[in-house]
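Beneath this line is the structure, given in C-alpha cells, with notes to follow.
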Amino acid sequence: MDVWKLAIGIIFLSQTTIGIMGNLSLLFYYLVLSYREYALKPKDLILMHLLTANTLIILSAGVAHTMAVWGLKPSLNDFGCLLLLFIQGFARNVSMGTTCLLSIFQAVTISPRKLCLKNHKVKETKFVGWFISLLWVFYILIRFILFMYTFIKTNIQNITRNLDFGYCSTIAPDEISNSLYTALVMCPEFLFAVLIIWSSTSMIVTLYGHKQRVQHIRSSHGSRIKCPESKATQNILTLVCTFLAFYTLSTILRGCIALLYNHSGWVMYITHLTSLCFPCFGPYILISHYSIVSRLSLTWLRVTFSPHFIVIM
C-alpha cells in the first residue's frame, strides 16, 4: 500500500469512526429522553430519525468503503451487493426528506404568521410522526422496486457486471432503470432541495427581521433580549445549509462519474468522502450549538440517581 492509499485509508477510517460515535451518542441521548418524557418534541423526533438515517448511511457505505480501501474487500454476491446499495439508497433519501421536514418545521415555528398547527402541539407531533413514517415506507418501496428490477435482470440475463463500487460490483443501469430512478428518486429529491432552499431563505429573512427589531428595542430601552428560539433556528439553519452544500457537491461529482467513463480513482475517493461528510459531521453541529455533551451527562445523572424525575429539556 503506497503512501497516498494509506492516507486515504486513514481518512476513511477516521471519518467513519467519528461519524458512528457522534450519531450513536446523540441517538442514545434521544432514546433516553424519549424514555423519560414518553413523547419527544416534534423537532427532537425529526432529529432522531435523521440521525438514524445517517447511521445507516455510515454503516452501509462508510464501513464498506473503509474495508475496500484497506484491502479488506467483502465477498458479496449479486444479492448482497444490491442489498447494500438498497440500504444506502433509501437511507440517503430518508436523510434528505427528514432534513427538508426539519427545515420547513423550523421555518413555520418562527414564522410571524399565525398558523393553526402552532397552537396544537399534539397535532404537530402526529403530523410529524405520520410524515416520517410515510417517508420511510415510500422510499423503502421505491428502492425495493429498483432492487427487484436489477436483481431479476441480473439473474435472467447473463450480463457481465461492469459497475464497480470498490467493495462490490453490479450491472450497469439500462434505460428503463435510469428512467425509474429519475422519476422515483431524482424528482422527489429535486422537490426536497427546492423546499429546503425556500424554507432556509424564509428563516434567514425572519432572523434578519428579528435582529432588526431586537436592535431597535435595545437602542430604545437599553435592555438585552435573549431569544432561545433564534439560537435554535441558527443551529438548524447551519445544519441544513451544511447538508445542502455537501449534497450538491456529491451530486455534481456523481454526475461527473456517470458521464466520464475513464474517470480517475481519485474522483471516486473524493465522491465517497464527500457523500459521507454530512452523515459523519452533522451530529457535531448539533453538539456544538446545543451543548448536548453537558446535557447528556445531566440526563445520565438524572436517570441514574433520580428515577422519579422527569427530564425537561
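Ligands are numbered from 1 in the order shown, residues from 1 within each chain, and chains are lettered A, B, ... in the order they appear in the C-alpha cells.
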Residues within 10 Å of Leu184 in chain A, only C-alpha atoms, excluding chain neighbours under 2 positions, as a list in words: Phe138, Tyr139, Ile142, Arg143, Ile145, Leu146, Asn178, Ser179, Leu180, Tyr181, Thr182, Met186, Cys187, Pro188 and Glu189 of chain A
Residue neighbourhood Gly282 in chain A, 10 Å, only C-alpha atoms, exclusion window fewer than 2 positions, as a list in words: Gly19, Gly22, Asn23, Leu50, Leu51, Asn54, Thr238, Leu239, Val240, Thr242, Phe243, Leu276, Cys277, Phe278, Pro279, Cys280, Tyr284, Ile285, Leu286 and Ile287 of chain A
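The shortest atom-to-atom distance to Ser199 in chain A, with only C-alpha atoms taken into account, belongs to A:Gln106 out of A:Thr17, A:Ser95, A:Gln106, A:Ser250.
Looking only at range 27-270 of chain A, the set that DSSP places in strand (DSSP E) from backbone geometry is Leu163, Asp164, Ser169 and Thr170 of chain A.
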One-decimal distance in Å that lies between CA of Gln88 in chain A and CA of Leu273 in chain A: 14.2 Å
